[in-house]
>>> print(open('protein-v3.cif').read())   # mmCIF, C-alpha atoms
data_coords
loop_
_atom_site.label_atom_id
_atom_site.label_comp_id
_atom_site.auth_asym_id
_atom_site.auth_seq_id
_atom_site.Cartn_x
_atom_site.Cartn_y
_atom_site.Cartn_z
CA MET G 239 10.70 6.29 -32.42
CA SER G 240 13.07 6.07 -29.43
CA ASP G 241 12.61 3.68 -26.49
CA THR G 242 12.04 6.68 -24.19
CA THR G 243 9.11 7.85 -26.33
CA VAL G 244 7.58 4.35 -26.38
CA VAL G 245 7.81 4.12 -22.57
CA ILE G 246 6.21 7.56 -22.13
CA ILE G 247 3.43 6.72 -24.62
CA GLY G 248 2.68 3.61 -22.51
CA TYR G 249 2.17 5.74 -19.39
CA VAL G 250 0.06 8.30 -21.25
CA VAL G 251 -2.16 5.56 -22.72
CA ALA G 252 -2.70 4.08 -19.22
CA VAL G 253 -3.60 7.48 -17.72
CA VAL G 254 -5.93 8.39 -20.62
CA LEU G 255 -7.63 4.98 -20.44
CA GLY G 256 -8.07 5.37 -16.67
CA LEU G 257 -9.57 8.85 -17.03
CA ALA G 258 -11.83 7.71 -19.89
CA LEU G 259 -13.07 4.70 -17.89
CA TRP G 260 -13.76 6.89 -14.87
CA LEU G 261 -15.69 9.53 -16.86
CA LEU G 262 -17.58 7.07 -19.09
CA ALA G 263 -18.76 5.13 -16.04
CA LYS G 264 -19.57 8.33 -14.10
CA PHE G 265 -21.88 9.60 -16.84
CA GLU G 266 -23.25 6.08 -17.48
CA LEU G 267 -22.09 6.02 -21.10
CA VAL G 268 -20.78 2.46 -20.76
CA PRO G 269 -22.22 -0.56 -18.89
CA LEU G 270 -19.68 -0.29 -16.06
CA SER G 271 -20.05 0.49 -12.36
CA LYS G 272 -18.89 3.87 -11.07
CA VAL G 273 -15.42 4.01 -9.50
CA GLY G 274 -16.88 5.02 -6.11
CA GLU G 275 -19.18 1.99 -6.09
CA MET G 276 -16.27 -0.27 -7.01
CA ILE G 277 -14.09 1.15 -4.22
CA GLU G 278 -16.95 0.73 -1.75
CA ARG G 279 -17.15 -2.93 -2.77
CA ILE G 280 -13.44 -3.76 -2.81
CA MET G 281 -12.94 -2.10 0.60
CA HIS G 282 -15.34 -4.60 2.17
CA HIS G 283 -12.60 -6.93 3.45
CA ARG G 284 -10.22 -5.62 6.08
CA THR G 285 -7.03 -7.07 4.56
CA THR G 286 -7.84 -5.33 1.25
CA ARG G 287 -8.50 -2.04 3.06
CA ILE G 288 -5.19 -2.30 4.91
CA ALA G 289 -3.27 -3.25 1.74
CA ILE G 290 -4.75 -0.41 -0.32
CA ILE G 291 -4.03 2.17 2.40
CA LEU G 292 -0.44 0.91 2.71
CA ALA G 293 0.01 1.16 -1.08
CA TRP G 294 -1.56 4.65 -1.15
CA TRP G 295 0.68 5.81 1.71
CA TRP G 296 3.78 4.46 -0.02
CA VAL G 297 3.00 6.50 -3.17
CA GLY G 298 3.01 9.67 -1.03
CA TRP G 299 6.19 8.60 0.74
CA HIS G 300 7.89 7.74 -2.54
CA PHE G 301 7.21 11.09 -4.21
CA LEU G 302 7.53 13.39 -1.21
CA VAL G 303 10.20 11.86 1.01
CA ASN G 304 12.27 9.36 -0.96
CA GLU G 305 15.00 10.52 -3.28
CA VAL G 306 14.60 9.08 -6.79
CA ILE G 307 16.93 6.13 -7.13
CA ARG G 308 17.08 3.05 -9.32
CA MET E 28 -4.51 -28.46 2.78
CA LEU E 29 -5.95 -25.39 1.00
CA ALA E 30 -8.19 -24.64 3.98
CA LYS E 31 -5.17 -24.76 6.28
CA MET E 32 -3.23 -22.43 3.97
CA ARG E 33 -6.21 -20.07 3.86
CA ARG E 34 -6.49 -20.09 7.64
CA TRP E 35 -2.84 -19.08 7.88
CA GLY E 36 -3.35 -16.24 5.41
CA ILE E 37 -0.98 -17.75 2.84
CA THR E 38 -3.54 -17.71 0.03
CA ASN E 39 -4.34 -14.02 0.46
CA PRO E 40 -3.30 -12.27 -2.79
CA TRP E 41 -2.25 -9.05 -0.99
CA VAL E 42 0.39 -10.91 1.03
CA TRP E 43 1.88 -12.12 -2.25
CA VAL E 44 1.61 -8.70 -3.90
CA PHE E 45 3.64 -7.14 -1.06
CA LEU E 46 6.07 -10.05 -0.89
CA ILE E 47 6.81 -9.80 -4.63
CA THR E 48 7.10 -6.01 -4.35
CA THR E 49 9.54 -6.43 -1.44
CA SER E 50 11.75 -8.67 -3.60
CA LEU E 51 11.57 -6.09 -6.43
CA GLN E 52 12.73 -3.39 -4.00
CA ILE E 53 15.68 -5.61 -2.99
CA PHE E 54 16.53 -5.96 -6.69
CA ARG E 55 16.12 -2.19 -7.09
CA GLY E 56 18.57 -1.65 -4.24
CA SER E 57 16.31 0.57 -2.14
CA PRO E 58 16.68 -0.34 1.58
CA ILE E 59 13.94 2.00 2.84
CA ASP E 60 11.38 0.76 0.30
CA THR E 61 12.43 -2.82 1.10
CA MET E 62 11.68 -2.14 4.78
CA ILE E 63 8.33 -0.49 3.95
CA PHE E 64 7.14 -3.32 1.72
CA GLY E 65 8.61 -5.97 4.05
CA ALA E 66 6.65 -4.45 6.94
CA SER E 67 3.56 -4.22 4.70
CA THR E 68 3.89 -7.94 3.90
CA ILE E 69 4.00 -8.75 7.63
CA ILE E 70 1.08 -6.42 8.45
CA THR E 71 -1.19 -7.84 5.71
CA TRP E 72 -0.19 -11.40 6.61
CA LEU E 73 -0.93 -10.80 10.33
CA ASP E 74 -4.40 -9.59 9.39
CA ALA E 75 -5.03 -12.27 6.75
CA ALA E 76 -4.04 -14.98 9.25
CA GLY E 77 -6.46 -13.50 11.79
CA LEU E 78 -3.73 -12.91 14.37
CA VAL E 79 -4.95 -9.42 15.30
CA LYS E 80 -8.67 -10.11 15.10
CA LYS E 81 -9.68 -10.21 18.78
CA SER E 82 -9.32 -6.55 19.70
CA LEU E 83 -11.06 -5.10 16.62
CA LYS E 84 -13.65 -2.39 17.14
CA GLU E 85 -16.52 -1.05 15.04
CA ARG E 86 -15.79 1.31 12.15
CA PRO E 87 -14.64 4.72 13.50
CA LYS E 88 -16.69 7.79 12.63
CA LEU E 89 -15.30 11.30 12.31
CA ALA E 90 -16.97 14.68 12.00
CA ASN E 91 -16.62 16.32 8.58
CA ASN E 92 -15.29 19.52 10.20
CA LEU E 93 -12.43 17.61 11.80
CA ILE E 94 -11.63 15.81 8.54
CA ALA E 95 -11.63 19.12 6.64
CA ILE E 96 -9.31 20.80 9.18
CA VAL E 97 -6.84 17.89 9.15
CA MET E 98 -6.89 17.75 5.34
CA VAL E 99 -6.15 21.50 5.05
CA ILE E 100 -3.31 21.32 7.61
CA LEU E 101 -1.80 18.27 5.91
CA GLY E 102 -2.29 19.81 2.47
CA ILE E 103 -0.49 23.04 3.38
CA THR E 104 2.29 21.25 5.27
CA LEU E 105 2.99 18.68 2.57
CA ALA E 106 2.61 21.08 -0.33
CA PHE E 107 4.83 23.89 0.93
CA LEU E 108 7.55 22.17 2.95
CA PRO E 109 10.52 21.25 0.80
CA ARG E 110 10.52 17.61 -0.34
CA HIS E 111 12.99 15.00 0.85
CA THR E 112 13.40 16.57 4.31
CA TYR E 113 13.16 14.97 7.77
CA LEU E 114 10.14 17.14 8.55
CA HIS E 115 8.30 15.74 5.53
CA GLY E 116 9.29 12.25 6.67
CA VAL E 117 7.90 12.88 10.16
CA VAL E 118 4.57 14.18 8.76
CA MET E 119 4.28 11.19 6.40
CA ILE E 120 5.14 8.70 9.15
CA SER E 121 2.53 10.25 11.44
CA ILE E 122 -0.17 9.85 8.75
CA LEU E 123 0.29 6.07 8.43
CA PRO E 124 -0.91 4.82 11.86
CA VAL E 125 -3.95 7.12 11.74
CA ALA E 126 -4.89 5.93 8.23
CA LEU E 127 -4.42 2.29 9.27
CA TYR E 128 -6.53 2.84 12.41
CA LEU E 129 -9.34 4.20 10.23
CA VAL E 130 -9.52 1.05 8.08
CA TRP E 131 -8.57 -1.58 10.66
CA TYR E 132 -12.08 -2.30 11.95
CA ARG E 133 -14.27 -5.38 12.16
CA ASP E 134 -15.65 -6.70 8.85
CA ARG E 135 -19.41 -6.71 8.41
CA GLY E 136 -19.71 -10.35 7.37
CA SER E 137 -19.38 -11.94 3.95
CA LYS E 138 -19.68 -9.94 0.75
CA GLU E 139 -22.65 -10.34 -1.62
CA LYS E 140 -21.82 -11.82 -5.02
CA ALA E 141 -20.92 -9.13 -7.56
CA ASP E 142 -23.35 -8.52 -10.43
CA PRO E 143 -21.93 -8.88 -13.98
CA LYS E 144 -21.55 -5.09 -14.32
CA MET E 145 -19.42 -4.86 -11.15
CA SER E 146 -17.38 -7.97 -12.08
CA ARG E 147 -16.65 -6.48 -15.51
CA THR E 148 -15.63 -3.15 -13.96
CA LYS E 149 -13.26 -4.82 -11.50
CA VAL E 150 -11.63 -6.96 -14.21
CA ILE E 151 -11.04 -3.91 -16.44
CA TRP E 152 -9.54 -1.80 -13.62
CA VAL E 153 -7.36 -4.64 -12.32
CA ALA E 154 -6.11 -5.29 -15.87
CA LEU E 155 -5.26 -1.60 -16.33
CA CYS E 156 -3.46 -1.36 -12.95
CA VAL E 157 -1.49 -4.60 -13.52
CA ALA E 158 -0.53 -3.48 -17.04
CA LEU E 159 0.71 -0.12 -15.72
CA CYS E 160 2.70 -1.81 -12.91
CA LEU E 161 4.31 -4.27 -15.37
CA TRP E 162 5.12 -1.45 -17.80
CA GLU E 163 6.76 0.57 -15.01
CA PHE E 164 8.62 -2.47 -13.74
CA ALA E 165 9.89 -3.29 -17.25
CA ALA E 166 11.12 0.33 -17.59
CA ASN E 167 12.86 0.04 -14.22
CA ILE E 168 14.61 -3.24 -15.18
CA MET E 169 15.69 -1.87 -18.57
CA GLY E 170 17.00 1.31 -16.94
CA GLN E 171 18.99 -0.69 -14.40
CA LEU E 172 20.45 -2.97 -17.05
CA GLU E 173 21.52 0.05 -19.13
CA ASN E 174 22.52 2.03 -16.02
CA ASN E 175 20.68 5.03 -17.45
CA LEU E 176 17.82 6.83 -15.66
CA TYR E 177 16.36 8.39 -18.80
CA SER E 178 16.50 5.75 -21.57
CA HIS E 179 13.52 3.88 -20.05
CA PRO E 180 12.11 6.38 -17.54
CA THR E 181 9.96 5.33 -14.62
CA ILE E 182 6.99 7.43 -13.50
CA SER E 183 9.12 8.87 -10.66
CA ILE E 184 11.80 10.04 -13.08
CA LEU E 185 9.22 11.69 -15.35
CA MET E 186 7.37 13.34 -12.48
CA ASP E 187 10.41 14.54 -10.55
CA PRO E 188 10.97 17.82 -12.47
CA PHE E 189 7.23 18.63 -12.16
CA MET E 190 7.34 17.82 -8.43
CA ASP E 191 10.32 20.15 -7.96
CA SER E 192 8.04 23.18 -8.40
CA THR E 193 5.67 24.26 -5.62
CA PHE E 194 2.82 24.13 -8.16
CA GLY E 195 3.59 20.51 -9.10
CA GLN E 196 4.09 19.46 -5.50
CA SER E 197 0.78 21.12 -4.51
CA ILE E 198 -1.15 19.38 -7.31
CA PHE E 199 0.35 16.03 -6.32
CA VAL E 200 -0.40 16.54 -2.60
CA ALA E 201 -4.01 17.61 -3.30
CA LEU E 202 -4.65 14.58 -5.54
CA TRP E 203 -2.89 12.19 -3.15
CA LEU E 204 -4.88 13.43 -0.14
CA LEU E 205 -8.20 13.33 -2.01
CA ILE E 206 -7.55 9.80 -3.28
CA GLY E 207 -6.65 8.76 0.28
CA LEU E 208 -9.87 10.33 1.57
CA GLY E 209 -11.74 8.36 -1.10
CA PHE E 210 -10.12 5.11 0.02
CA LEU E 211 -10.79 5.83 3.70
CA ARG E 212 -14.48 6.55 2.91
CA ILE E 213 -14.89 8.65 6.04
CA TRP E 214 -16.32 11.84 4.52
CA GLY E 215 -20.05 12.36 5.08
CA ARG E 216 -20.51 9.11 7.03
CA LYS E 217 -22.79 9.39 10.10
#
>>> encode(input="protein-v3.cif", output="structure tokens")
Amino acid sequence: MSDTTVVIIGYVVAVVLGLALWLLAKFELVPLSKVGEMIERIMHHRTTRIAIILAWWWVGWHFLVNEVIR
Amino acid sequence: MLAKMRRWGITNPWVWVFLITTSLQIFRGSPIDTMIFGASTIITWLDAAGLVKKSLKERPKLANNLIAIVMVILGITLAFLPRHTYLHGVVMISILPVALYLVWYRDRGSKEKADPKMSRTKVIWVALCVALCLWEFAANIMGQLENNLYSHPTISILMDPFMDSTFGQSIFVALWLLIGLGFLRIWGRK
């Protein structure tokens, strides 16, 4: 198995785990809080809200405006 | 000593997250991203140190109709304009101050202690996000050392061909806007 494949499998595993966690919690199939409830809680403090919005904005900037560079 | 550091915002984890990310962007050789994360470090530190606390207002409220109209306009503009253009840059830059304004309001006091279910959920999500960031960072370092974009691809490299089509760009823009709306928590709030 090439290094490229291993790297891609890592991303796919992370995305699948994230989706599974979101759905399992949404339909209460695991003893975890729903993602919406968690976001509501973590956005309680202003500095966290600001930091998360800055990070979210950068993702949009990175994919839509920035050229892909190393 | 610790109380003094806390008062000056130095113990806030977000300040460190942005500071470390800024140094990674310097290593990556991306001046614009270095400026963005450098500015983010300063912004989060200013807030964590309480230096912009005095003029804070109550949480802003927006009508759902207005939110829907803005989302549609942004969605169409960002999805159908070609990427990597000045126009896209202007639209993106204009989004940032509005989004920051919508979250930069007075806190409602201290947070209640999390129940075990919530604590468990947060630990699992933080672990997943940190693991993904480290994996991406490792791919970036390996790619730089080998001077090859594709031997250890980053998420950007993998997504770029998909984003080059209008379909891919539209899907990304829709998801990005909806996630942002979720973080802003402004929909349906009276």
>>> residues_around(input="protein-v3.cif", residues="G:His283", least_positions_apart="2", cutoff="12 Å", atoms="only C-alpha atoms", output="list in words")
Ile277, Glu278, Arg279, Ile280, Met281, Thr285, Thr286, Arg287, Ile288, Ala289 and Ile290 of chain G; Asn39, Trp41, Thr71, Asp74, Ala75, Val130, Trp131, Tyr132, Arg133, Asp134, Arg135, Gly136, Ser137, Lys138 and Glu139 of chain E
>>> atom_distance(input="protein-v3.cif", atom1="atom CA of E:Ile69", atom2="atom CA of E:Ala166")
27.7 Å
>>> closest_residue(input="protein-v3.cif", among="E:Thr48, E:Ser178, E:Thr61, E:Thr38", to="chain G", atoms="only C-alpha atoms")
E:Ser178
>>> closest_residue(input="protein-v3.cif", among="G:Ile246, G:Leu259, G:Ala252, G:Ile291", to="G:Ser271", atoms="only C-alpha atoms")
G:Leu259
>>> residues_around(input="protein-v3.cif", residues="E:Leu46", least_positions_apart="5", cutoff="9 Å", atoms="only C-alpha atoms", output="PyMOL selection string")
chain E and resi 41+51+64-65+67-69
>>> resolve_selection(input="protein-v3.cif", expression="the PyMOL selection byres ((chain E and resi 169-171) around 12)", output="PyMOL selection string")
(chain G and resi 241-242+245+307-308) or (chain E and resi 54-56+162-168+172-181+184)
>>> closest_residue(input="protein-v3.cif", among="E:Ser192, E:Ser121, E:Thr49, E:Ser57", to="chain G", atoms="all atoms listed in the file")
E:Ser57
>>> atom_distance(input="protein-v3.cif", atom1="atom CA of E:Ser146", atom2="atom CA of G:Leu257")
19.2 Å
>>> resolve_selection(input="protein-v3.cif", expression="the PyMOL selection byres ((chain E and resi 81-86) around 12)", output="PyMOL selection string")
(chain G and resi 282+284) or (chain E and resi 74+77-80+87-89+127-135+211-213+216-217)
>>> write_last_selection(input="protein-v3.cif", atoms="C-alpha atoms", output="compact mmCIF listing (two decimals), keeping the file's coordinate frame")
# COMPACT_ATOMS: atom_id res chain seq x y z
CA HIS G 282 -15.34 -4.60 2.17
CA ARG G 284 -10.22 -5.62 6.08
CA ASP E 74 -4.40 -9.59 9.39
CA GLY E 77 -6.46 -13.50 11.79
CA LEU E 78 -3.73 -12.91 14.37
CA VAL E 79 -4.95 -9.42 15.30
CA LYS E 80 -8.67 -10.11 15.10
CA PRO E 87 -14.64 4.72 13.50
CA LYS E 88 -16.69 7.79 12.63
CA LEU E 89 -15.30 11.30 12.31
CA LEU E 127 -4.42 2.29 9.27
CA TYR E 128 -6.53 2.84 12.41
CA LEU E 129 -9.34 4.20 10.23
CA VAL E 130 -9.52 1.05 8.08
CA TRP E 131 -8.57 -1.58 10.66
CA TYR E 132 -12.08 -2.30 11.95
CA ARG E 133 -14.27 -5.38 12.16
CA ASP E 134 -15.65 -6.70 8.85
CA ARG E 135 -19.41 -6.71 8.41
CA LEU E 211 -10.79 5.83 3.70
CA ARG E 212 -14.48 6.55 2.91
CA ILE E 213 -14.89 8.65 6.04
CA ARG E 216 -20.51 9.11 7.03
CA LYS E 217 -22.79 9.39 10.10
>>> closest_residue(input="protein-v3.cif", among="E:Met119, E:Cys160, E:Ala154, E:Met98", to="chain G", atoms="all atoms listed in the file")
E:Met119
>>> closest_residue(input="protein-v3.cif", among="E:Pro143, E:Pro124, E:Gly102, E:Pro40", to="E:Leu204", atoms="all atoms listed in the file")
E:Gly102
>>> residues_around(input="protein-v3.cif", residues="E:Ser197", least_positions_apart="5", cutoff="12 Å", atoms="all atoms listed in the file", output="number ranges by chain")
G: 301-302; E: 99, 101-110, 189-192, 202-204
>>> closest_residue(input="protein-v3.cif", among="E:Ile96, E:Met186, E:Leu73, E:Val118", to="G:Trp299", atoms="all atoms listed in the file")
E:Val118
>>> atom_distance(input="protein-v3.cif", atom1="atom CA of E:Ala126", atom2="atom CA of G:Lys264")
26.8 Å
>>> resolve_selection(input="protein-v3.cif", expression="the PyMOL selection byres ((chain G and resi 270) around 12)", output="JSON, numbers by chain")
{"G": [258, 259, 260, 261, 262, 263, 264, 265, 266, 267, 268, 269, 271, 272, 273, 274, 275, 276], "E": [142, 143, 144, 145, 146, 147, 148, 149, 150, 151, 152]}
>>> decode(input="protein-v3.cif", residues="stretch 252-307 of chain G", atoms="C-alpha atoms", output="short mmCIF file (atom, residue, chain, number, x, y, z; two decimals), in the first residue's frame")
data_model
loop_
_atom_site.label_atom_id
_atom_site.label_comp_id
_atom_site.auth_asym_id
_atom_site.auth_seq_id
_atom_site.Cartn_x
_atom_site.Cartn_y
_atom_site.Cartn_z
CA ALA G 252 -11.87 10.67 10.19
CA VAL G 253 -14.80 11.78 8.00
CA VAL G 254 -16.66 8.46 8.43
CA LEU G 255 -16.11 8.53 12.21
CA GLY G 256 -17.37 12.13 12.35
CA LEU G 257 -20.50 11.30 10.33
CA ALA G 258 -21.13 8.15 12.40
CA LEU G 259 -20.77 10.07 15.68
CA TRP G 260 -23.12 12.78 14.44
CA LEU G 261 -25.81 10.32 13.28
CA LEU G 262 -25.52 7.93 16.25
CA ALA G 263 -25.90 10.84 18.68
CA LYS G 264 -28.73 12.40 16.64
CA PHE G 265 -30.81 9.21 16.76
CA GLU G 266 -29.79 8.56 20.39
CA LEU G 267 -28.15 5.22 19.58
CA VAL G 268 -25.14 6.00 21.77
CA PRO G 269 -24.91 7.76 25.17
CA LEU G 270 -23.55 10.97 23.65
CA SER G 271 -24.97 14.49 23.42
CA LYS G 272 -26.20 15.77 20.06
CA VAL G 273 -23.78 17.92 18.05
CA GLY G 274 -26.14 20.93 18.24
CA GLU G 275 -26.26 20.72 22.04
CA MET G 276 -22.48 20.47 22.18
CA ILE G 277 -22.06 23.52 19.92
CA GLU G 278 -24.55 25.46 22.03
CA ARG G 279 -22.43 24.64 25.08
CA ILE G 280 -18.98 25.32 23.64
CA MET G 281 -20.16 28.66 22.19
CA HIS G 282 -20.93 29.92 25.69
CA HIS G 283 -17.64 31.81 26.10
CA ARG G 284 -16.96 34.74 23.81
CA THR G 285 -13.31 33.91 23.10
CA THR G 286 -14.34 30.41 21.95
CA ARG G 287 -17.08 31.87 19.73
CA ILE G 288 -14.62 34.30 18.15
CA ALA G 289 -11.97 31.60 17.66
CA ILE G 290 -14.39 29.13 16.06
CA ILE G 291 -15.79 31.78 13.70
CA LEU G 292 -12.25 32.80 12.69
CA ALA G 293 -11.35 29.15 12.02
CA TRP G 294 -14.57 28.58 10.06
CA TRP G 295 -13.97 31.73 7.98
CA TRP G 296 -10.40 30.67 7.22
CA VAL G 297 -11.62 27.31 5.83
CA GLY G 298 -13.81 29.22 3.34
CA TRP G 299 -10.97 31.60 2.49
CA HIS G 300 -8.53 28.74 2.05
CA PHE G 301 -10.67 26.77 -0.40
CA LEU G 302 -12.29 29.64 -2.30
CA VAL G 303 -9.68 32.39 -2.45
CA ASN G 304 -6.23 30.98 -1.69
CA GLU G 305 -4.29 29.13 -4.33
CA VAL G 306 -3.14 25.70 -3.12
CA ILE G 307 0.47 25.97 -2.04
#
